[in-house]
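Each remark here refers to the structure printed beneath this line.
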Amino acid sequence: MQTTDSSLKNILKRALQEQELTREEIMTLLGISDQEQLQGLFQTARTLRQRYFGQEIFLYGFVYLSTYCRNDCRFCYYRRSNINSLRYRKTESEVLEAAADLAESGVHLIDLTMGEDPEYLDRGQEGIDRLAGLVRKVKARTGLPVMISPGVVPESALQDLARAGADWYACYQETHSALLFEELRINQRYAERLDTKYRAHDQGLLIEEGLLCGIGETDQDLFLSLRAMQELNADQVRVMNFIPQKGTPLEGVAGLGSKREIQITAILRLLFPDRLIPASLDVDGLDGLPPRLAAGANVVTSIIPPGQGLAGVAQSTLDIDESRRTTAWVLPVLEENGLQAGSRDGYRSWIEKRVQGLVGSEN
């Protein structure tokens with residue numbers, strides 16, 4: 001059914017008043033296809049971003065430290081059975097060098113990402129100690145907040161990572177439809193992955209939750225994800241468009257393009273007006289940044305230093321060697337779109353307030 005301008009206007013008005021949107025209203029937003037109506041959605045998202053963050057955008061440096069993984073997710077280029085995948089495991093010195101280069105370039109955070117590498121996760125406390133030690137050294141070397149993405153780990157490991165100085169725990173569910181999850185994440189447990197994020201919050205870690213679109217999900221599946229993100233009280237929320245990967249069971253699936261991702265980004269801003277919402281360089285590279293910013297994103301992620309053999313996730317090589325995934329290229333794009341990089345003090349202040357809110361909610 002075509003959404004009327006008047007009904008959409010009422011929904012956007014309620015969003016601007018920061019009233020909780022109903023299931024019907026969210027489904028209406030997911031169903032918009034008219035370009036003028038989409039522009040109204042994007043404008044509302046930008047207004048809400050301006051309310052909480054002004055014109056400031058935060059920048060995340062990305063260090064994919066290991067592309068080995070014990071899982072066999074059907075959508076992922078780095079699934080353990082993919083013989084086409086680029087495999088490496090960076091040494092501690094290589095990780096520290098990359099993190100230092102990113103810090104010098106002006107990023108606000110170092111994002112340490114990995115597959116569920118057995119060298120870390122299947123070696124008991126020894127492996128967790130190595131990972132925690134790496135977090136501690138990156139933080140000491142750069143002086144920046146650190147995000148860690150090790151996959152599903154026990155609560156004791158989350159505690160160790162928090163003690164080592166990690167600020168963020170990122171672990172994407174991809175979908176909050178249990179049936180679709182089982183199809184995508186083979187032999188993994190939906191509840192265990194979701195519960196790990198609640199346990200991370202219990203340890204004082206901020207949470208990034210993410211969903212994948214274009215993988216056969218329905219609007220109802222997307223609604224379930226949006227509600228689950230709200231229930232999790234995620235501190236950073238994101239959506240990424242599915243890119244078919246060579247050597248995976250979904251290699252031949254036709255992608256939907258990025259329009260859906262951009263629309264969901266704007267809806268996320270309406271539902272999470274005061275949270276961090278990334279625009280990733282990992283899907284469409286630098287050229288895809290402006291429309292994501294126009295949809296209300298306020299973080300640029302997957303900034304990667306060239307020449308260090310680091311890979312991306314959705315697009316393992318896109319724009320990296322050309323240095324187009326660096327702050328030197330991102331900053332002019334922000335300026336062209338009437339935006340600017342935030343300050344490091346401002347980013348730390350935001351983190352501190354969120355953490356205080358977590359502690360306060362437990363008392």
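Lettering and numbering for the structure tokens are positional, with chains as A, B, ... in the shown order, residues counted from 1 in each chain, and ligands counted from 1 in the shown order.
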
Please identify all polymer residues within 10 Å of Met114 (chain A), counting only C-alpha atoms, omitting same-chain residues fewer than 5 positions from it, and present them as a PyMOL selection string.
chain A and resi 63-69+78+89+120+148-151+313

Could you pull the residues within 8 Å of region 202-208 of chain A, counting only C-alpha atoms, minus those fewer than 6 positions along the same chain, as JSON, numbers by chain?
{"A": [158, 159, 162, 166, 167, 168, 169, 170, 171, 172, 234, 235, 236, 237, 238, 354, 355, 358, 359]}

May I have all residues of region 109-310 of chain A that DSSP, computed from the backbone, assigns to strand (DSSP E or B), given as a ChimeraX atom specification?
/A:109-114,146-149,168-170,174,206-213,236-241,276,278-280,299-303

Those same residues - N, CA and C atoms - I'd like them written as a JSON list (two decimals), in the first residue's frame.
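And here is the file that came out, result-v5.json:
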```json
[["chain", "number", "residue", "atom", "x", "y", "z"],
["A", 109, "LEU", "N", 39.02, 6.29, 17.51],
["A", 109, "LEU", "CA", 38.93, 4.97, 18.13],
["A", 109, "LEU", "C", 39.69, 3.97, 17.26],
["A", 110, "ILE", "N", 40.27, 2.95, 17.92],
["A", 110, "ILE", "CA", 40.89, 1.84, 17.21],
["A", 110, "ILE", "C", 39.96, 0.62, 17.33],
["A", 111, "ASP", "N", 39.53, 0.13, 16.20],
["A", 111, "ASP", "CA", 38.63, -1.02, 16.13],
["A", 111, "ASP", "C", 39.45, -2.27, 15.81],
["A", 112, "LEU", "N", 39.64, -3.11, 16.81],
["A", 112, "LEU", "CA", 40.38, -4.37, 16.64],
["A", 112, "LEU", "C", 39.39, -5.48, 16.30],
["A", 113, "THR", "N", 39.42, -5.90, 15.06],
["A", 113, "THR", "CA", 38.46, -6.88, 14.56],
["A", 113, "THR", "C", 39.18, -8.17, 14.19],
["A", 114, "MET", "N", 38.49, -9.29, 14.36],
["A", 114, "MET", "CA", 39.07, -10.58, 13.99],
["A", 114, "MET", "C", 37.94, -11.57, 13.73],
["A", 146, "VAL", "N", 39.31, 1.80, 22.59],
["A", 146, "VAL", "CA", 39.48, 0.59, 21.80],
["A", 146, "VAL", "C", 38.17, -0.18, 21.73],
["A", 147, "MET", "N", 37.83, -0.62, 20.53],
["A", 147, "MET", "CA", 36.72, -1.54, 20.31],
["A", 147, "MET", "C", 37.31, -2.90, 19.96],
["A", 148, "ILE", "N", 36.73, -3.97, 20.53],
["A", 148, "ILE", "CA", 37.22, -5.30, 20.27],
["A", 148, "ILE", "C", 36.07, -6.15, 19.73],
["A", 149, "SER", "N", 36.36, -6.93, 18.68],
["A", 149, "SER", "CA", 35.33, -7.75, 18.03],
["A", 149, "SER", "C", 35.83, -9.19, 17.91],
["A", 168, "TRP", "N", 34.66, -0.89, 24.04],
["A", 168, "TRP", "CA", 33.54, -1.37, 23.24],
["A", 168, "TRP", "C", 33.67, -2.87, 22.97],
["A", 169, "TYR", "N", 32.52, -3.53, 22.90],
["A", 169, "TYR", "CA", 32.44, -4.91, 22.42],
["A", 169, "TYR", "C", 31.46, -4.92, 21.25],
["A", 170, "ALA", "N", 31.96, -5.32, 20.09],
["A", 170, "ALA", "CA", 31.12, -5.39, 18.89],
["A", 170, "ALA", "C", 30.88, -6.84, 18.54],
["A", 174, "GLU", "N", 23.43, -9.89, 13.00],
["A", 174, "GLU", "CA", 23.11, -9.87, 11.57],
["A", 174, "GLU", "C", 21.62, -9.92, 11.31],
["A", 206, "LEU", "N", 30.64, -0.91, 26.36],
["A", 206, "LEU", "CA", 29.63, -0.42, 25.45],
["A", 206, "LEU", "C", 29.45, -1.44, 24.31],
["A", 207, "ILE", "N", 28.26, -1.46, 23.73],
["A", 207, "ILE", "CA", 27.89, -2.49, 22.77],
["A", 207, "ILE", "C", 27.62, -1.89, 21.39],
["A", 208, "GLU", "N", 28.20, -2.52, 20.37],
["A", 208, "GLU", "CA", 27.77, -2.24, 19.00],
["A", 208, "GLU", "C", 27.02, -3.46, 18.48],
["A", 209, "GLU", "N", 25.80, -3.24, 18.04],
["A", 209, "GLU", "CA", 24.98, -4.28, 17.44],
["A", 209, "GLU", "C", 24.77, -3.95, 15.96],
["A", 210, "GLY", "N", 24.70, -4.98, 15.12],
["A", 210, "GLY", "CA", 24.55, -4.74, 13.70],
["A", 210, "GLY", "C", 23.66, -5.75, 13.02],
["A", 211, "LEU", "N", 23.07, -5.33, 11.92],
["A", 211, "LEU", "CA", 22.27, -6.23, 11.10],
["A", 211, "LEU", "C", 22.75, -6.17, 9.66],
["A", 212, "LEU", "N", 22.45, -7.23, 8.93],
["A", 212, "LEU", "CA", 22.81, -7.36, 7.53],
["A", 212, "LEU", "C", 21.53, -7.34, 6.73],
["A", 213, "CYS", "N", 21.50, -6.54, 5.66],
["A", 213, "CYS", "CA", 20.29, -6.49, 4.83],
["A", 213, "CYS", "C", 20.61, -7.01, 3.43],
["A", 236, "GLN", "N", 25.83, 1.66, 20.00],
["A", 236, "GLN", "CA", 26.10, 1.96, 18.59],
["A", 236, "GLN", "C", 25.36, 0.92, 17.76],
["A", 237, "VAL", "N", 24.63, 1.36, 16.75],
["A", 237, "VAL", "CA", 23.82, 0.46, 15.94],
["A", 237, "VAL", "C", 24.15, 0.69, 14.47],
["A", 238, "ARG", "N", 24.16, -0.39, 13.71],
["A", 238, "ARG", "CA", 24.55, -0.25, 12.32],
["A", 238, "ARG", "C", 23.81, -1.24, 11.44],
["A", 239, "VAL", "N", 23.82, -0.95, 10.15],
["A", 239, "VAL", "CA", 23.32, -1.87, 9.14],
["A", 239, "VAL", "C", 24.32, -1.87, 7.99],
["A", 240, "MET", "N", 24.54, -3.05, 7.42],
["A", 240, "MET", "CA", 25.42, -3.15, 6.25],
["A", 240, "MET", "C", 24.73, -3.97, 5.18],
["A", 241, "ASN", "N", 24.90, -3.53, 3.94],
["A", 241, "ASN", "CA", 24.34, -4.23, 2.81],
["A", 241, "ASN", "C", 25.14, -5.49, 2.50],
["A", 276, "LEU", "N", 25.38, 6.36, 18.40],
["A", 276, "LEU", "CA", 26.33, 6.38, 17.30],
["A", 276, "LEU", "C", 25.85, 5.42, 16.21],
["A", 278, "PRO", "N", 27.12, 4.14, 12.39],
["A", 278, "PRO", "CA", 28.21, 4.21, 11.41],
["A", 278, "PRO", "C", 27.77, 4.30, 9.96],
["A", 279, "ALA", "N", 28.61, 4.96, 9.19],
["A", 279, "ALA", "CA", 28.62, 4.87, 7.73],
["A", 279, "ALA", "C", 29.92, 4.16, 7.38],
["A", 280, "SER", "N", 29.83, 2.94, 6.89],
["A", 280, "SER", "CA", 31.03, 2.15, 6.64],
["A", 280, "SER", "C", 31.60, 2.41, 5.26],
["A", 299, "VAL", "N", 29.24, 8.38, 12.33],
["A", 299, "VAL", "CA", 30.54, 7.74, 12.50],
["A", 299, "VAL", "C", 30.98, 7.25, 11.13],
["A", 300, "VAL", "N", 32.25, 7.46, 10.80],
["A", 300, "VAL", "CA", 32.82, 6.85, 9.60],
["A", 300, "VAL", "C", 33.72, 5.71, 10.05],
["A", 301, "THR", "N", 33.36, 4.49, 9.64],
["A", 301, "THR", "CA", 34.12, 3.31, 10.06],
["A", 301, "THR", "C", 34.91, 2.72, 8.91],
["A", 302, "SER", "N", 35.79, 1.79, 9.29],
["A", 302, "SER", "CA", 36.63, 1.06, 8.33],
["A", 302, "SER", "C", 37.64, 1.97, 7.64],
["A", 303, "ILE", "N", 38.18, 2.93, 8.39],
["A", 303, "ILE", "CA", 39.34, 3.68, 7.93],
["A", 303, "ILE", "C", 40.56, 2.77, 8.10]]
```

Could you write out, as JSON, numbers by chain, all the residues of region 110-357 of chain A that DSSP marks as alpha helix (DSSP H)?
{"A": [118, 119, 120, 121, 124, 125, 126, 127, 128, 129, 130, 131, 132, 133, 134, 135, 136, 137, 138, 139, 140, 141, 142, 155, 156, 157, 158, 159, 160, 161, 162, 163, 178, 179, 180, 181, 182, 183, 184, 190, 191, 192, 193, 194, 195, 196, 197, 198, 199, 200, 201, 202, 219, 220, 221, 222, 223, 224, 225, 226, 227, 228, 229, 230, 231, 232, 259, 260, 261, 262, 263, 264, 265, 266, 267, 268, 269, 270, 271, 281, 282, 283, 284, 289, 290, 291, 292, 293, 294, 327, 328, 329, 330, 331, 332, 333, 334, 335, 336, 344, 345, 346, 347, 348, 349, 350, 351, 352, 353, 354, 355, 356, 357]}

Skip region 48-50 of chain A itself and residues of its chain fewer than 6 positions away, then list as a list in words all residues within 8 Å of it, counting only C-alpha atoms.
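Close residues of region 48-50 of chain A: Leu16, Arg269, Leu270, Pro273, Asp274, Gly296, Ala297 and Asn298 of chain A.
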
For C-alpha atoms, I'd like the residues from the last selection saved as an mmCIF file, in the first residue's frame.
```
data_model
loop_
_atom_site.group_PDB
_atom_site.id
_atom_site.type_symbol
_atom_site.label_atom_id
_atom_site.label_comp_id
_atom_site.auth_asym_id
_atom_site.auth_seq_id
_atom_site.Cartn_x
_atom_site.Cartn_y
_atom_site.Cartn_z
ATOM 1 C CA LEU A 16 11.110 14.438 15.961
ATOM 2 C CA ARG A 269 18.527 7.437 13.558
ATOM 3 C CA LEU A 270 14.818 7.959 14.217
ATOM 4 C CA PRO A 273 18.540 9.703 18.012
ATOM 5 C CA ASP A 274 21.310 9.988 20.617
ATOM 6 C CA GLY A 296 21.926 10.504 9.567
ATOM 7 C CA ALA A 297 25.094 8.500 10.196
ATOM 8 C CA ASN A 298 27.580 10.155 12.539
#
```

Using only C-alpha atoms, determine which residues lie at most 12 Å from Arg79 (chain A), disregarding the query and same-chain residues fewer than 3 positions distant; provide the list as a short mmCIF file (atom, residue, chain, number, x, y, z; two decimals) with N, CA and C atoms, in the first residue's frame.
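Here's the written file selection-v2.cif:
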```
data_model
loop_
_atom_site.label_atom_id
_atom_site.label_comp_id
_atom_site.auth_asym_id
_atom_site.auth_seq_id
_atom_site.Cartn_x
_atom_site.Cartn_y
_atom_site.Cartn_z
N THR A 67 42.26 -13.01 10.03
CA THR A 67 41.15 -13.42 9.14
C THR A 67 40.90 -14.92 9.22
N TYR A 68 41.50 -15.58 10.21
CA TYR A 68 41.18 -16.98 10.47
C TYR A 68 39.92 -17.03 11.33
N CYS A 69 39.06 -18.03 11.06
CA CYS A 69 37.82 -18.13 11.83
C CYS A 69 37.41 -19.59 11.95
N ARG A 70 36.90 -19.94 13.11
CA ARG A 70 36.43 -21.31 13.36
C ARG A 70 35.01 -21.54 12.87
N ASN A 71 34.31 -20.45 12.48
CA ASN A 71 32.93 -20.55 12.03
C ASN A 71 32.83 -20.72 10.52
N ASP A 72 31.65 -21.10 10.06
CA ASP A 72 31.44 -21.34 8.64
C ASP A 72 30.17 -20.60 8.15
N CYS A 73 30.06 -19.35 8.54
CA CYS A 73 28.87 -18.56 8.18
C CYS A 73 28.72 -18.49 6.66
N ARG A 74 27.50 -18.68 6.18
CA ARG A 74 27.26 -18.83 4.75
C ARG A 74 27.50 -17.55 3.96
N PHE A 75 27.49 -16.39 4.63
CA PHE A 75 27.61 -15.12 3.94
C PHE A 75 29.02 -14.54 3.96
N CYS A 76 29.91 -15.12 4.75
CA CYS A 76 31.18 -14.45 5.07
C CYS A 76 32.34 -14.95 4.22
N ASN A 82 36.30 -21.49 3.19
CA ASN A 82 36.49 -20.75 1.94
C ASN A 82 37.96 -20.76 1.54
N ILE A 83 38.29 -21.54 0.52
CA ILE A 83 39.68 -21.63 0.08
C ILE A 83 40.13 -20.40 -0.69
N ASN A 84 39.18 -19.53 -1.06
CA ASN A 84 39.51 -18.31 -1.79
C ASN A 84 39.89 -17.15 -0.87
N SER A 85 39.66 -17.33 0.41
CA SER A 85 39.82 -16.22 1.35
C SER A 85 41.28 -15.87 1.60
N LEU A 86 41.52 -14.58 1.73
CA LEU A 86 42.84 -14.08 2.12
C LEU A 86 43.06 -14.33 3.61
N ARG A 87 44.06 -15.14 3.94
CA ARG A 87 44.30 -15.48 5.35
C ARG A 87 45.59 -14.83 5.85
N MET A 114 38.49 -9.29 14.36
CA MET A 114 39.07 -10.58 13.99
C MET A 114 37.94 -11.57 13.73
N GLY A 115 38.27 -12.65 13.02
CA GLY A 115 37.37 -13.78 13.01
C GLY A 115 37.47 -14.48 14.36
N GLU A 116 36.65 -15.48 14.58
CA GLU A 116 36.78 -16.25 15.82
C GLU A 116 37.97 -17.18 15.65
N ASP A 117 39.15 -16.59 15.77
CA ASP A 117 40.41 -17.27 15.50
C ASP A 117 40.70 -18.30 16.59
N LEU A 184 22.06 -18.64 8.27
CA LEU A 184 23.26 -17.87 7.97
C LEU A 184 24.46 -18.29 8.80
N ARG A 185 24.24 -18.48 10.08
CA ARG A 185 25.33 -18.81 11.01
C ARG A 185 25.23 -20.28 11.39
N ILE A 186 25.83 -21.11 10.58
CA ILE A 186 25.70 -22.56 10.70
C ILE A 186 26.27 -23.04 12.03
N GLN A 245 30.00 -12.97 -1.68
CA GLN A 245 31.43 -13.23 -1.54
C GLN A 245 31.84 -14.49 -2.30
N LYS A 246 32.93 -14.40 -3.02
CA LYS A 246 33.45 -15.54 -3.77
C LYS A 246 33.80 -16.68 -2.83
N GLY A 247 33.39 -17.89 -3.21
CA GLY A 247 33.73 -19.06 -2.43
C GLY A 247 32.77 -19.35 -1.29
N THR A 248 31.62 -18.66 -1.25
CA THR A 248 30.62 -18.91 -0.22
C THR A 248 29.34 -19.46 -0.85
N PRO A 249 28.47 -20.09 -0.06
CA PRO A 249 27.21 -20.61 -0.60
C PRO A 249 26.31 -19.52 -1.18
N LEU A 250 26.51 -18.28 -0.77
CA LEU A 250 25.67 -17.17 -1.26
C LEU A 250 26.37 -16.37 -2.36
N VAL A 313 36.05 -6.17 5.30
CA VAL A 313 35.13 -7.27 5.56
C VAL A 313 34.25 -7.54 4.34
#
```

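Nearest to Thr28 (chain A) of all the residues A:Thr317, A:Thr326, A:Thr4, A:Gln43 is A:Thr4, counting only C-alpha atoms.
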
Env of Gly40 (chain A): 9 Å cut, atoms = only C-alpha atoms, seq-sep filter 6 positions within chain, self excluded. Answer as a PyMOL selection string.
chain A and resi 8-9+12

By how many Å are CA of Asp160 (chain A) and CA of Leu144 (chain A) apart?
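Going from CA of Asp160 (chain A) over to CA of Leu144 (chain A) covers 18.4 Å.
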
Residues near Leu29 (chain A), anyone? I mean within 9 Å using only C-alpha atoms, not counting same-chain ones fewer than 5 positions away, as JSON, numbers by chain.
{"A": [3, 8, 11, 24, 38, 41, 263, 264, 267]}
